[in-house]
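Peer 1: The following file, protein-v8.txt, comprises compact mmCIF, C-alpha atoms:
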```txt
# COMPACT_ATOMS: atom_id res chain seq x y z
CA MET A 147 117.79 82.23 61.24
CA LEU A 148 114.11 81.38 60.83
CA ILE A 149 111.66 83.45 62.84
CA MET A 150 107.89 82.98 63.02
CA ALA A 151 105.90 86.10 63.83
CA GLY A 152 102.21 85.91 64.77
CA GLY A 153 99.49 88.20 63.49
CA PHE A 154 97.04 88.67 60.66
CA GLY A 155 97.37 92.04 58.99
CA LEU A 156 98.17 94.32 61.92
CA CYS A 157 95.99 92.34 64.33
CA GLY A 158 97.69 90.29 67.04
CA VAL A 159 101.18 91.28 65.88
CA PRO A 160 104.02 91.09 68.46
CA GLU A 161 105.03 94.66 67.74
CA GLN A 162 107.34 95.18 70.73
CA LEU A 163 109.23 91.97 69.99
CA ILE A 164 109.64 93.03 66.37
CA LEU A 165 111.13 96.29 67.65
CA ALA A 166 113.51 94.26 69.82
CA ILE A 167 114.62 92.25 66.77
CA ARG A 168 115.13 95.48 64.86
CA ASP A 169 117.25 96.90 67.68
CA SER A 170 119.30 93.70 67.90
CA GLY A 171 120.45 94.34 64.33
CA VAL A 172 120.31 90.64 63.39
CA LYS A 173 120.24 90.21 59.60
CA ASN A 174 119.57 87.59 56.90
CA LEU A 175 116.32 86.58 58.52
CA THR A 176 113.80 84.22 57.03
CA VAL A 177 110.46 85.28 58.48
CA VAL A 178 107.34 83.13 58.45
CA SER A 179 104.31 85.35 58.89
CA ASN A 180 100.96 85.51 57.12
CA ASN A 181 101.61 89.11 56.04
CA CYS A 182 104.53 91.54 56.20
CA GLY A 183 102.98 94.48 58.03
CA ILE A 184 102.54 97.80 56.29
CA ASP A 185 105.14 100.49 55.66
CA GLY A 186 106.77 101.35 58.98
CA VAL A 187 104.48 99.14 61.08
CA GLY A 188 104.85 95.52 62.22
CA LEU A 189 107.29 93.52 60.09
CA GLY A 190 107.51 96.55 57.81
CA LEU A 191 109.98 97.82 60.43
CA LEU A 192 112.40 95.00 59.58
CA LEU A 193 112.07 95.71 55.86
CA ASP A 194 113.11 99.32 56.43
CA THR A 195 116.34 98.09 58.03
CA LYS A 196 116.79 95.33 55.38
CA GLN A 197 117.05 92.64 58.04
CA ILE A 198 114.75 90.24 56.17
CA LYS A 199 116.20 88.05 53.43
CA LYS A 200 113.13 85.93 52.78
CA MET A 201 109.43 85.95 53.66
CA VAL A 202 107.15 82.92 53.81
CA SER A 203 103.64 84.39 53.63
CA SER A 204 100.22 84.05 52.04
CA TYR A 205 99.63 87.72 51.23
CA VAL A 206 101.94 90.74 51.19
CA GLY A 207 99.89 93.24 49.23
CA GLU A 208 99.79 96.06 51.78
CA ASN A 209 103.44 97.05 51.79
CA LYS A 210 105.19 99.34 49.27
CA THR A 211 108.68 98.79 50.73
CA PHE A 212 108.12 95.08 50.23
CA ALA A 213 107.33 95.56 46.55
CA GLN A 214 110.36 97.79 46.02
CA GLN A 215 112.80 95.39 47.68
CA TYR A 216 111.27 92.40 45.92
CA LEU A 217 111.47 94.02 42.49
CA ALA A 218 115.08 95.08 43.23
CA GLY A 219 115.94 91.44 43.96
CA GLU A 220 116.81 92.18 47.60
CA LEU A 221 114.02 90.10 49.06
CA GLU A 222 112.79 86.57 48.39
CA ILE A 223 109.19 85.50 48.81
CA GLU A 224 107.72 82.05 49.15
CA PHE A 225 103.94 82.17 48.86
CA ASN A 226 102.00 79.53 50.77
CA PRO A 227 98.21 79.23 50.68
CA GLN A 228 97.04 80.59 54.02
CA GLY A 229 95.58 77.32 55.27
CA THR A 230 98.65 75.40 54.14
CA LEU A 231 100.85 77.89 55.97
CA ALA A 232 98.78 77.55 59.14
CA GLU A 233 98.86 73.76 58.94
CA ARG A 234 102.61 73.62 58.18
CA ILE A 235 103.19 75.53 61.41
CA ARG A 236 100.71 73.43 63.38
CA ALA A 237 102.33 70.25 62.02
CA GLY A 238 105.83 71.48 62.81
CA GLY A 239 104.88 72.16 66.40
CA ALA A 240 103.16 68.78 66.66
CA GLY A 241 106.14 66.79 65.35
CA ILE A 242 104.57 65.99 62.00
CA PRO A 243 107.17 66.38 59.23
CA ALA A 244 104.74 66.35 56.30
CA PHE A 245 101.07 66.02 55.40
CA PHE A 246 98.86 65.81 52.33
CA THR A 247 96.37 68.54 51.45
CA ARG A 248 93.98 69.13 48.58
CA THR A 249 94.85 72.83 48.59
CA GLY A 250 96.90 73.76 45.54
CA ALA A 251 96.70 70.34 43.87
CA GLY A 252 97.04 70.75 40.12
CA THR A 253 98.38 74.33 40.47
CA GLN A 254 101.79 76.00 40.40
CA ILE A 255 101.97 75.56 44.19
CA ALA A 256 102.30 71.81 43.71
CA GLU A 257 105.29 72.04 41.34
CA GLY A 258 108.31 70.21 42.73
CA LYS A 259 106.20 68.57 45.44
CA GLU A 260 104.91 65.02 45.63
CA GLN A 261 101.28 64.71 44.54
CA ARG A 262 99.29 61.61 45.35
CA GLN A 263 95.85 60.20 44.58
CA ILE A 264 94.12 59.39 47.86
CA ASP A 265 90.51 58.14 47.96
CA GLY A 266 89.98 59.39 44.42
CA GLY A 267 91.27 62.92 44.99
CA LEU A 268 94.59 64.59 44.17
CA TYR A 269 96.62 65.83 47.15
CA VAL A 270 99.90 67.72 47.56
CA MET A 271 102.52 66.87 50.15
CA GLU A 272 103.48 69.86 52.28
CA ARG A 273 106.19 69.99 54.95
CA GLY A 274 105.87 70.89 58.61
CA LEU A 275 107.71 74.05 59.69
CA VAL A 276 109.68 74.75 62.82
CA ALA A 277 111.36 78.01 63.80
CA ASP A 278 114.53 78.93 65.63
CA LEU A 279 112.48 81.63 67.31
CA SER A 280 108.73 82.28 67.48
CA ILE A 281 107.39 85.63 68.61
CA VAL A 282 103.73 85.83 69.53
CA HIS A 283 101.28 88.34 70.96
CA ALA A 284 98.76 87.33 73.62
CA TRP A 285 96.21 89.26 75.61
CA MET A 286 96.92 87.67 78.98
CA GLY A 287 99.55 85.37 80.39
CA ASP A 288 100.58 84.05 83.77
CA THR A 289 104.14 83.56 85.01
CA GLU A 290 103.93 79.88 84.03
CA GLY A 291 103.57 81.02 80.39
CA ASN A 292 99.93 80.01 80.02
CA LEU A 293 98.39 82.29 77.37
CA VAL A 294 94.97 83.61 76.42
CA TYR A 295 94.33 85.53 73.20
CA ARG A 296 91.65 88.10 72.46
CA LYS A 297 89.14 87.91 69.57
CA THR A 298 90.70 87.74 66.09
CA ALA A 299 94.13 88.66 67.51
CA ARG A 300 94.53 84.91 68.08
CA ASN A 301 95.06 83.97 64.38
CA PHE A 302 98.53 82.41 63.83
CA ASN A 303 99.82 83.00 67.36
CA PRO A 304 98.86 79.67 69.04
CA MET A 305 100.44 77.47 66.33
CA MET A 306 103.57 79.58 66.17
CA ALA A 307 103.93 79.32 69.93
CA THR A 308 104.14 75.54 69.51
CA ALA A 309 106.55 75.58 66.54
CA GLY A 310 109.40 77.67 67.94
CA LYS A 311 112.52 76.08 69.43
CA VAL A 312 112.36 79.20 71.57
CA THR A 313 109.03 81.00 71.89
CA VAL A 314 108.80 84.50 73.30
CA ALA A 315 105.36 85.88 74.09
CA GLU A 316 104.50 89.51 74.62
CA ILE A 317 101.44 89.84 76.82
CA GLU A 318 99.18 92.79 77.55
CA HIS A 319 98.17 91.57 81.01
CA LEU A 320 100.52 89.68 83.34
CA VAL A 321 98.81 87.62 86.04
CA GLN A 322 99.74 84.95 88.58
CA PRO A 323 99.20 81.19 88.15
CA GLY A 324 95.62 80.41 89.11
CA ASP A 325 94.28 83.75 87.92
CA ILE A 326 93.35 82.32 84.51
CA ASN A 327 90.64 79.66 84.54
CA PRO A 328 92.54 76.53 83.34
CA ASP A 329 89.63 75.74 81.04
CA HIS A 330 90.25 79.01 79.21
CA ILE A 331 93.98 78.65 78.58
CA ILE A 332 94.66 78.40 74.85
CA THR A 333 98.44 78.01 74.83
CA PRO A 334 99.76 75.92 77.74
CA GLY A 335 102.92 77.26 79.32
CA VAL A 336 105.07 74.35 78.16
CA TYR A 337 105.45 76.09 74.79
CA VAL A 338 106.49 79.49 76.11
CA LYS A 339 110.12 80.12 77.15
CA ARG A 340 110.08 83.90 77.71
CA LEU A 341 107.41 86.46 78.60
CA VAL A 342 107.54 90.18 77.99
CA HIS A 343 104.89 92.29 79.66
CA VAL A 344 103.65 95.04 77.32
CA PRO A 345 100.98 96.81 79.36
CA ASN A 346 100.39 99.66 76.93
CA ALA A 347 100.50 97.85 73.60
CA VAL A 348 99.89 100.20 70.68
CA LYS A 349 97.37 98.62 68.31
CA HIS A 350 96.82 99.58 64.71
CA ILE A 351 93.78 99.34 62.47
CA GLU A 352 94.48 98.68 58.80
CA GLN A 353 90.97 99.26 57.39
CA ARG A 354 88.81 101.36 59.66
CA THR A 355 85.25 100.56 58.58
CA VAL A 356 82.29 101.94 60.54
CA ARG A 357 78.55 102.42 60.15
CA LYS A 358 76.33 105.33 60.99
CA ARG A 359 74.02 105.08 63.96
CA THR A 360 70.98 104.62 61.74
CA ALA A 361 69.66 101.11 61.08
CA ALA A 362 71.97 99.01 58.93
CA PRO A 363 71.22 95.58 57.47
CA ALA A 364 72.72 92.51 59.09
CA GLY A 365 75.93 91.29 57.54
CA THR A 366 78.94 93.48 56.93
CA GLY A 367 77.51 96.62 55.35
CA GLU A 368 79.01 98.41 52.42
CA GLU A 369 82.17 97.50 50.63
CA VAL A 370 85.14 99.81 51.05
CA MET B 20 70.59 96.55 30.92
CA ALA B 21 72.92 93.97 32.38
CA TRP B 22 73.24 93.45 36.13
CA THR B 23 75.04 96.00 38.29
CA ARG B 24 77.51 94.93 40.97
CA ASP B 25 74.74 95.06 43.55
CA GLN B 26 72.39 93.05 41.36
CA MET B 27 75.10 90.41 40.86
CA ALA B 28 75.49 90.23 44.64
CA GLU B 29 71.70 89.99 45.03
CA ARG B 30 71.63 87.11 42.55
CA ALA B 31 74.47 85.38 44.40
CA ALA B 32 72.45 85.70 47.63
CA GLN B 33 69.85 83.37 46.05
CA GLU B 34 72.40 80.57 46.55
CA LEU B 35 72.19 81.01 50.35
CA ARG B 36 70.14 78.52 52.33
CA ASP B 37 68.89 78.62 55.89
CA GLY B 38 71.57 77.33 58.26
CA PHE B 39 74.45 77.84 55.85
CA TYR B 40 78.00 78.72 56.93
CA VAL B 41 79.39 81.02 54.25
CA ASN B 42 82.71 82.63 53.38
CA LEU B 43 82.56 85.81 51.30
CA GLY B 44 85.56 87.13 49.39
CA ILE B 45 86.60 90.75 48.93
CA GLY B 46 84.82 92.99 46.38
CA ILE B 47 81.37 92.17 44.99
CA PRO B 48 81.10 89.01 47.17
CA THR B 49 81.22 91.19 50.30
CA LEU B 50 78.03 92.90 49.08
CA VAL B 51 76.16 89.58 49.25
CA SER B 52 75.79 90.06 53.02
CA ASN B 53 73.45 92.98 52.29
CA TYR B 54 70.99 90.60 50.60
CA ILE B 55 70.63 87.81 53.16
CA PRO B 56 66.85 87.23 53.19
CA ALA B 57 65.09 88.31 56.39
CA GLY B 58 64.53 85.38 58.72
CA MET B 59 67.26 83.26 57.15
CA SER B 60 70.07 82.17 59.49
CA VAL B 61 73.41 82.48 57.72
CA GLN B 62 76.70 82.54 59.64
CA LEU B 63 79.56 84.32 57.91
CA GLN B 64 83.02 82.80 58.31
CA SER B 65 86.13 84.93 58.27
CA GLU B 66 89.28 82.91 57.61
CA ASN B 67 91.37 84.87 60.12
CA GLY B 68 89.53 82.98 62.85
CA MET B 69 85.93 84.04 63.36
CA LEU B 70 82.61 82.37 62.71
CA GLY B 71 79.51 84.54 62.88
CA PHE B 72 80.29 88.22 62.48
CA GLY B 73 78.14 91.31 62.42
CA PRO B 74 78.12 94.66 60.63
CA PHE B 75 80.83 97.31 60.81
CA PRO B 76 81.08 98.88 64.29
CA TYR B 77 79.59 102.24 65.15
CA GLU B 78 82.10 105.03 64.90
CA GLY B 79 84.22 105.11 68.05
CA GLU B 80 83.58 101.42 68.79
CA GLU B 81 86.21 99.97 66.45
CA ASP B 82 88.33 97.28 68.09
CA PRO B 83 91.79 96.62 66.60
CA ASP B 84 91.51 93.01 67.87
CA LEU B 85 88.31 92.43 65.89
CA ILE B 86 88.75 92.38 62.12
CA ASN B 87 87.60 90.30 59.15
CA ALA B 88 89.80 88.70 56.50
CA GLY B 89 89.76 91.97 54.54
CA LYS B 90 91.36 93.59 57.64
CA GLN B 91 88.19 95.65 58.13
CA THR B 92 86.86 96.33 61.61
CA VAL B 93 83.70 94.27 62.26
CA THR B 94 81.54 93.35 65.25
CA GLU B 95 80.68 90.32 67.32
CA ILE B 96 77.17 88.82 67.34
CA LEU B 97 75.49 86.35 69.70
CA THR B 98 76.61 83.33 67.67
CA THR B 99 80.26 84.42 67.30
CA SER B 100 83.13 82.06 68.02
CA TYR B 101 86.88 82.69 67.69
CA PHE B 102 89.59 80.18 66.80
CA SER B 103 93.12 79.98 65.42
CA SER B 104 94.02 80.15 61.74
CA ALA B 105 94.79 76.42 61.81
CA ASP B 106 91.30 75.68 63.15
CA SER B 107 89.82 78.10 60.66
CA PHE B 108 91.34 76.31 57.70
CA ALA B 109 90.56 72.91 59.18
CA MET B 110 86.96 74.11 59.03
CA ILE B 111 87.42 75.22 55.43
CA ARG B 112 89.55 72.34 54.13
CA GLY B 113 87.51 69.79 56.04
CA GLY B 114 84.36 70.66 54.11
CA HIS B 115 82.42 72.22 56.99
CA ILE B 116 81.70 75.49 55.19
CA ASP B 117 78.73 75.29 52.82
CA LEU B 118 79.40 78.07 50.37
CA SER B 119 82.29 80.23 49.20
CA ILE B 120 81.56 83.27 47.03
CA LEU B 121 84.62 84.90 45.49
CA GLY B 122 85.88 86.95 42.58
CA ALA B 123 87.98 85.73 39.65
CA MET B 124 90.20 86.85 36.80
CA GLN B 125 89.42 83.77 34.69
CA VAL B 126 87.20 80.68 34.87
CA ALA B 127 87.47 77.75 32.46
CA GLU B 128 84.61 75.57 31.25
CA ASN B 129 85.88 72.64 33.38
CA GLY B 130 85.72 74.70 36.58
CA ASP B 131 89.38 75.76 36.71
CA LEU B 132 89.78 79.09 38.50
CA ALA B 133 92.52 81.74 38.24
CA ASN B 134 92.39 84.71 40.56
CA TRP B 135 95.73 85.16 42.30
CA MET B 136 98.54 86.14 39.98
CA ILE B 137 99.46 87.68 36.66
CA PRO B 138 102.96 86.63 35.54
CA GLY B 139 105.26 89.62 35.21
CA LYS B 140 103.28 91.73 37.66
CA MET B 141 103.95 92.16 41.37
CA VAL B 142 102.18 89.27 43.04
CA LYS B 143 100.43 89.96 46.32
CA GLY B 144 99.72 86.35 47.20
CA MET B 145 96.78 83.98 47.22
CA GLY B 146 95.77 84.47 50.85
CA GLY B 147 93.16 81.85 51.68
CA ALA B 148 91.65 81.52 48.21
CA MET B 149 93.34 78.23 47.30
CA ASP B 150 92.19 76.60 50.53
CA LEU B 151 88.65 77.92 50.15
CA VAL B 152 88.15 76.61 46.62
CA ALA B 153 89.75 73.28 47.51
CA GLY B 154 87.65 72.69 50.60
CA VAL B 155 84.30 74.46 50.57
CA LYS B 156 81.29 72.41 49.45
CA LYS B 157 80.02 74.86 46.83
CA VAL B 158 82.11 77.52 45.08
CA VAL B 159 80.36 80.45 43.37
CA VAL B 160 82.34 82.99 41.35
CA VAL B 161 80.97 86.51 40.91
CA MET B 162 82.79 88.56 38.26
CA GLU B 163 82.39 90.88 35.29
CA HIS B 164 81.71 88.86 32.15
CA SER B 165 84.72 90.32 30.35
CA ALA B 166 87.67 92.56 31.19
CA LYS B 167 88.50 95.32 28.67
CA ASN B 168 86.60 93.31 26.03
CA GLU B 169 88.75 90.24 26.75
CA PRO B 170 86.66 87.20 27.68
CA LYS B 171 87.12 85.82 31.20
CA LEU B 172 85.09 82.64 30.66
CA LEU B 173 87.59 80.53 28.74
CA LYS B 174 88.22 77.06 27.33
CA HIS B 175 91.42 76.96 29.41
CA CYS B 176 92.73 79.47 31.92
CA THR B 177 95.87 81.19 30.68
CA LEU B 178 96.80 82.53 34.13
CA PRO B 179 98.23 80.32 36.91
CA LEU B 180 95.44 78.41 38.62
CA THR B 181 94.04 78.99 42.07
CA GLY B 182 92.26 75.66 41.85
CA ALA B 183 91.74 72.94 39.24
CA GLY B 184 88.11 71.95 38.62
CA VAL B 185 86.71 73.81 41.61
CA VAL B 186 83.98 76.23 40.42
CA ASP B 187 80.29 75.21 40.59
CA MET B 188 78.66 78.42 39.39
CA VAL B 189 79.63 81.71 37.74
CA ILE B 190 77.50 84.84 38.07
CA THR B 191 78.47 87.67 35.69
CA ASP B 192 76.78 90.92 34.75
CA LEU B 193 75.22 89.06 31.79
CA GLY B 194 73.94 85.87 33.37
CA VAL B 195 74.50 82.72 35.38
CA PHE B 196 76.43 79.58 34.38
CA ALA B 197 76.43 76.23 36.14
CA ILE B 198 79.54 74.05 35.89
CA ASP B 199 79.41 70.29 36.39
CA LYS B 200 82.93 70.13 37.83
CA LYS B 201 82.71 66.58 39.17
CA GLY B 202 80.65 64.92 36.46
CA GLY B 203 82.58 66.51 33.61
CA GLY B 204 79.34 67.74 32.07
CA GLY B 205 80.81 71.14 31.23
CA MET B 206 79.23 74.55 31.50
CA THR B 207 75.59 75.53 31.03
CA LEU B 208 74.07 78.99 30.72
CA ILE B 209 71.09 78.81 33.07
CA GLU B 210 69.97 82.45 33.38
CA LEU B 211 70.25 85.68 31.43
CA ALA B 212 70.42 89.07 33.10
CA PRO B 213 67.54 91.35 32.07
CA GLY B 214 68.51 93.06 28.83
CA ALA B 215 71.28 90.61 27.99
CA THR B 216 70.79 88.45 24.91
CA LEU B 217 71.98 84.97 24.01
CA ASP B 218 73.95 86.49 21.12
CA GLU B 219 75.71 88.97 23.40
CA VAL B 220 76.70 86.20 25.82
CA ARG B 221 77.88 84.04 22.91
CA ASN B 222 80.04 86.86 21.53
CA LYS B 223 81.66 87.61 24.87
CA THR B 224 82.35 84.02 25.95
CA GLU B 225 85.28 81.93 24.73
CA ALA B 226 84.30 78.86 26.74
CA SER B 227 81.96 76.37 25.12
CA TYR B 228 78.68 75.93 26.96
CA ARG B 229 75.19 74.62 26.51
CA THR B 230 72.18 76.84 26.90
CA SER B 231 69.49 75.68 29.27
CA ASN B 232 66.21 74.75 27.54
CA ALA B 233 64.45 77.29 29.74
CA LEU B 234 66.23 80.03 27.79
```
Output the file's structure in the form of structure tokens.
Peer 2:
Amino acid sequence: MLIMAGGFGLCGVPEQLILAIRDSGVKNLTVVSNNCGIDGVGLGLLLDTKQIKKMVSSYVGENKTFAQQYLAGELEIEFNPQGTLAERIRAGGAGIPAFFTRTGAGTQIAEGKEQRQIDGGLYVMERGLVADLSIVHAWMGDTEGNLVYRKTARNFNPMMATAGKVTVAEIEHLVQPGDINPDHIITPGVYVKRLVHVPNAVKHIEQRTVRKRTAAPAGTGEEV
Amino acid sequence: MAWTRDQMAERAAQELRDGFYVNLGIGIPTLVSNYIPAGMSVQLQSENGMLGFGPFPYEGEEDPDLINAGKQTVTEILTTSYFSSADSFAMIRGGHIDLSILGAMQVAENGDLANWMIPGKMVKGMGGAMDLVAGVKKVVVVMEHSAKNEPKLLKHCTLPLTGAGVVDMVITDLGVFAIDKKGGGGMTLIELAPGATLDEVRNKTEASYRTSNAL
């Protein structure tokens, strides 16, 4: 079974739905997600129970259990460049089976894939992705399934909502149709088959970076 | 003495122009944001879906829904916009970002870049690096000139590539190189860090390069 799980790092991760998958006990999962949580949090929960057979991700560096299982040969990984991963999901949801991208042309990523010269540049053919089940996290949703995301918790969630044969959304705030300004809806309800209201979502911060209340220069501040 | 990490970041900041949209990688490139000249408008792009972000939040004001691509808590500014990862990489791949500054393990004289994996070691993944170097208008690498006395500026990268023929400029602790990645004109040493000598650069560089007349 192929599951797509939204989130970037621990931001915008459908944590309660991951717990539900853990409790279901389903195994041999292929999971498409940009990252694989951290130890004991997010998708890390499904590593602890060895329910994941294969990950399709762009970066998995924050998880020791992942490294152990990978090195022991218990876990497969397919690395996709992050933008290619995002576009494969978008394409899958939009009914586009394949597309050409410059990303990865002339690198190991292109091995075994068609490469083509287009307008003088070298491009790699990548395939669209669809999932048996997509799980996403949204900030607000109405009973029609219309969704709104909050800040950078949007990330992969909107595309994954479109690419699941069944999409389940967990939402922090459940409202009635008409309560969300239609101009502000990001995921139209047509994509969402099930809603789970999670009013007290626990959110995690992976890298807590702060500044002192004295003047700091514009930009991001110091490196951590 | 050669440039420190901060001085390398300060030198990289000279590549910024008013009105630029810029993506900064993790490590020394992040420091570049400390050297944006006063009065210059530069919007920082974070590939997890944010354009225009501010400094770290004040203690107690961290928002788990508001992070940069390094998963660090950041803040919103007046120009901020949010979008999905697909939109974010459409912006990157589509050539709408002016400048990408990132680190590297190896750079070759033709602009090839390797910065994502070492065969035989646990690979963490390339994240958005391959998309950034393939799509952003100008790619600047900031890195130490050599690693444990092994040169990092090479004739050919020995590590798997992140991008083929993608680097426009390399800033190391010893100086600055320009790479003519499109015209095939190779690599040129265009600046020396204070205290660095042409001989030192020559000894620590495997790649072939020309030296600018100004030096």
Peer 1: Can you tell me, as JSON, numbers by chain, what residues are no more than 12 Å from Val126 in chain B when counting only C-alpha atoms, ignoring any on the same chain fewer than 2 positions away?
Peer 2: {"B": [121, 122, 123, 124, 128, 129, 130, 131, 132, 133, 134, 158, 159, 160, 161, 162, 163, 164, 165, 170, 171, 172, 173, 174, 175, 176, 177, 178, 179, 180, 181, 182, 183, 184, 185, 186, 187, 188, 189, 190, 191, 196, 197, 198, 200, 206, 224, 225, 226, 227]}
Peer 1: Using all atoms listed in the file, which of B:Met145, B:Glu81, B:Thr230, B:Lys156 sits nearest Gly114 in chain B?
Peer 2: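 Result for the nearest residue to Gly114 in chain B: B:Lys156.
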Peer 1: Each residue of chain A with at least one atom at most 7 Å from chain B should appear once, together with its nearest atom pair and the corresponding distance in Å (one decimal); atoms considered: all atoms listed in the file; ordering: chain, then increasing residue number; output as a tab-separated table.
Peer 2:
```
residue	atom	partner	partner_atom	distance
A:Phe154	CA	B:Asn67	CA	6.8
A:Gly155	CA	B:Lys90	CA	6.4
A:Cys157	CA	B:Asp84	CA	5.7
A:Gly158	CA	B:Asp84	CA	6.8
A:Ser204	CA	B:Gly146	CA	4.6
A:Tyr205	CA	B:Gly144	CA	4.3
A:Val206	CA	B:Lys143	CA	5.2
A:Gly207	CA	B:Lys143	CA	4.4
A:Phe225	CA	B:Gly144	CA	6.2
A:Pro227	CA	B:Gly147	CA	5.8
A:Gln228	CA	B:Gly147	CA	4.7
A:Gly229	CA	B:Phe108	CA	5.0
A:Ala232	CA	B:Ala105	CA	4.9
A:Glu233	CA	B:Ala105	CA	5.6
A:Arg236	CA	B:Ala105	CA	6.8
A:Arg248	CA	B:Ala153	CA	6.0
A:Thr249	CA	B:Asp150	CA	5.0
A:Gly250	CA	B:Met149	CA	6.0
A:Gly252	CA	B:Ala183	CA	5.8
A:Thr253	CA	B:Leu180	CA	5.4
A:Gln254	CA	B:Pro179	CA	6.6
A:Arg296	CA	B:Asp84	CA	6.7
A:Lys297	CA	B:Asp84	CA	5.9
A:Thr298	CA	B:Leu85	CA	5.3
A:Ala299	CA	B:Asp84	CA	5.1
A:Arg300	CA	B:Ser103	CA	5.8
A:Asn301	CA	B:Ser103	CA	4.6
A:Phe302	CA	B:Ser104	CA	5.5
A:Pro304	CA	B:Ser103	CA	6.8
A:Lys349	CA	B:Pro83	CA	6.2
A:His350	CA	B:Pro83	CA	6.1
A:Ile351	CA	B:Pro83	CA	5.3
A:Glu352	CA	B:Lys90	CA	6.1
A:Gln353	CA	B:Gln91	CA	4.6
A:Arg354	CA	B:Thr92	CA	5.7
A:Thr355	CA	B:Thr92	CA	5.4
A:Val356	CA	B:Phe75	CA	4.9
A:Arg357	CA	B:Tyr77	CA	5.1
A:Lys358	CA	B:Tyr77	CA	6.1
A:Arg359	CA	B:Tyr77	CA	6.4
A:Pro363	CA	B:Asn53	CA	6.2
A:Ala364	CA	B:Pro74	CA	6.0
A:Gly365	CA	B:Ser52	CA	4.7
A:Thr366	CA	B:Pro74	CA	4.0
A:Gly367	CA	B:Pro74	CA	5.7
A:Glu368	CA	B:Leu50	CA	6.5
A:Glu369	CA	B:Leu50	CA	6.4
```
Peer 1: Identify, on the basis of only C-alpha atoms, every residue whose closest approach to range 307-309 of chain A does not exceed 10 Å; exclude the query and any residue fewer than 2 positions from it along the same chain; express the result as number ranges by chain.
Peer 2: A: 150-152, 234-241, 274-283, 293, 302-305, 311-315, 333-339
Peer 1: For the selection just defined, write its residues with C-alpha atoms to a file, as a compact mmCIF listing (two decimals), keeping the file's coordinate frame.
Peer 2:
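Writing the result to selection.txt gives the following:
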```txt
# COMPACT_ATOMS: atom_id res chain seq x y z
CA MET A 150 107.89 82.98 63.02
CA ALA A 151 105.90 86.10 63.83
CA GLY A 152 102.21 85.91 64.77
CA ARG A 234 102.61 73.62 58.18
CA ILE A 235 103.19 75.53 61.41
CA ARG A 236 100.71 73.43 63.38
CA ALA A 237 102.33 70.25 62.02
CA GLY A 238 105.83 71.48 62.81
CA GLY A 239 104.88 72.16 66.40
CA ALA A 240 103.16 68.78 66.66
CA GLY A 241 106.14 66.79 65.35
CA GLY A 274 105.87 70.89 58.61
CA LEU A 275 107.71 74.05 59.69
CA VAL A 276 109.68 74.75 62.82
CA ALA A 277 111.36 78.01 63.80
CA ASP A 278 114.53 78.93 65.63
CA LEU A 279 112.48 81.63 67.31
CA SER A 280 108.73 82.28 67.48
CA ILE A 281 107.39 85.63 68.61
CA VAL A 282 103.73 85.83 69.53
CA HIS A 283 101.28 88.34 70.96
CA LEU A 293 98.39 82.29 77.37
CA PHE A 302 98.53 82.41 63.83
CA ASN A 303 99.82 83.00 67.36
CA PRO A 304 98.86 79.67 69.04
CA MET A 305 100.44 77.47 66.33
CA LYS A 311 112.52 76.08 69.43
CA VAL A 312 112.36 79.20 71.57
CA THR A 313 109.03 81.00 71.89
CA VAL A 314 108.80 84.50 73.30
CA ALA A 315 105.36 85.88 74.09
CA THR A 333 98.44 78.01 74.83
CA PRO A 334 99.76 75.92 77.74
CA GLY A 335 102.92 77.26 79.32
CA VAL A 336 105.07 74.35 78.16
CA TYR A 337 105.45 76.09 74.79
CA VAL A 338 106.49 79.49 76.11
CA LYS A 339 110.12 80.12 77.15
```
Peer 1: Considering only C-alpha atoms, can you say which of B:Ala21, B:Leu70, B:Ala127, B:Ile120 comes closest to Glu210 in chain B?
Peer 2: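 Once distances to Glu210 in chain B are computed over only C-alpha atoms, the minimum belongs to B:Ala21.
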Peer 1: Please report the interatomic distance between CA of Phe39 in chain B and CA of Val155 in chain B in Å with one decimal.
Peer 2: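 Atom-to-atom, CA of Phe39 in chain B to CA of Val155 in chain B, that is 11.7 Å.
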Peer 1: What is the distance, in Å and to one decimal place, between CA of Val178 in chain A and CA of Ala347 in chain A?
Peer 2: 22.2 Å
Peer 1: As a list in words, please: the residues near Lys157 in chain B (cut-off 7 Å, only C-alpha atoms, same-chain neighbours under 4 positions excluded).
Peer 2: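 My list of contacting residues is Asp117, Leu118, Ser119 and Asp187 of chain B.
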Peer 1: Taking (113.3, 90.0, 58.8) as a centre in this file's frame and 12 Å as the limit, can you find every polymer residue with an atom that close, using only C-alpha atoms, and give them as a PyMOL selection string?
Peer 2: chain A and resi 147-151+164-179+182-183+188-202+212+220-223+279
Peer 1: Please, what distance in Å, to one decimal, runs between CA of Glu290 in chain A and CA of Val344 in chain A?
Peer 2: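 Answer for the CA of Glu290 in chain A to CA of Val344 in chain A separation: 16.6 Å.
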Peer 1: Around all the atoms of range 293-304 of chain A listed in the file, draw an axis-aligned box and extend it by 6 Å on each of the six sides; I want its centre and edge lengths in Å to one decimal, as lines of an AutoDock Vina configuration file.
Peer 2:
```
center_x = 94.5
center_y = 84.2
center_z = 70.6
size_x = 22.7
size_y = 21.0
size_z = 25.5
```
Peer 1: Would you mind listing what lies within 12 Å of Asn232 in chain B as number ranges by chain, with only C-alpha atoms counted and same-chain residues fewer than 6 positions away left out?
Peer 2: B: 207-210
Peer 1: Nearest residue to Ile326 in chain A out of A:Met306, A:Val294, A:Ile184, A:Val342, using only C-alpha atoms?
Peer 2: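 That would be A:Val294, the residue with the smallest distance to Ile326 in chain A.
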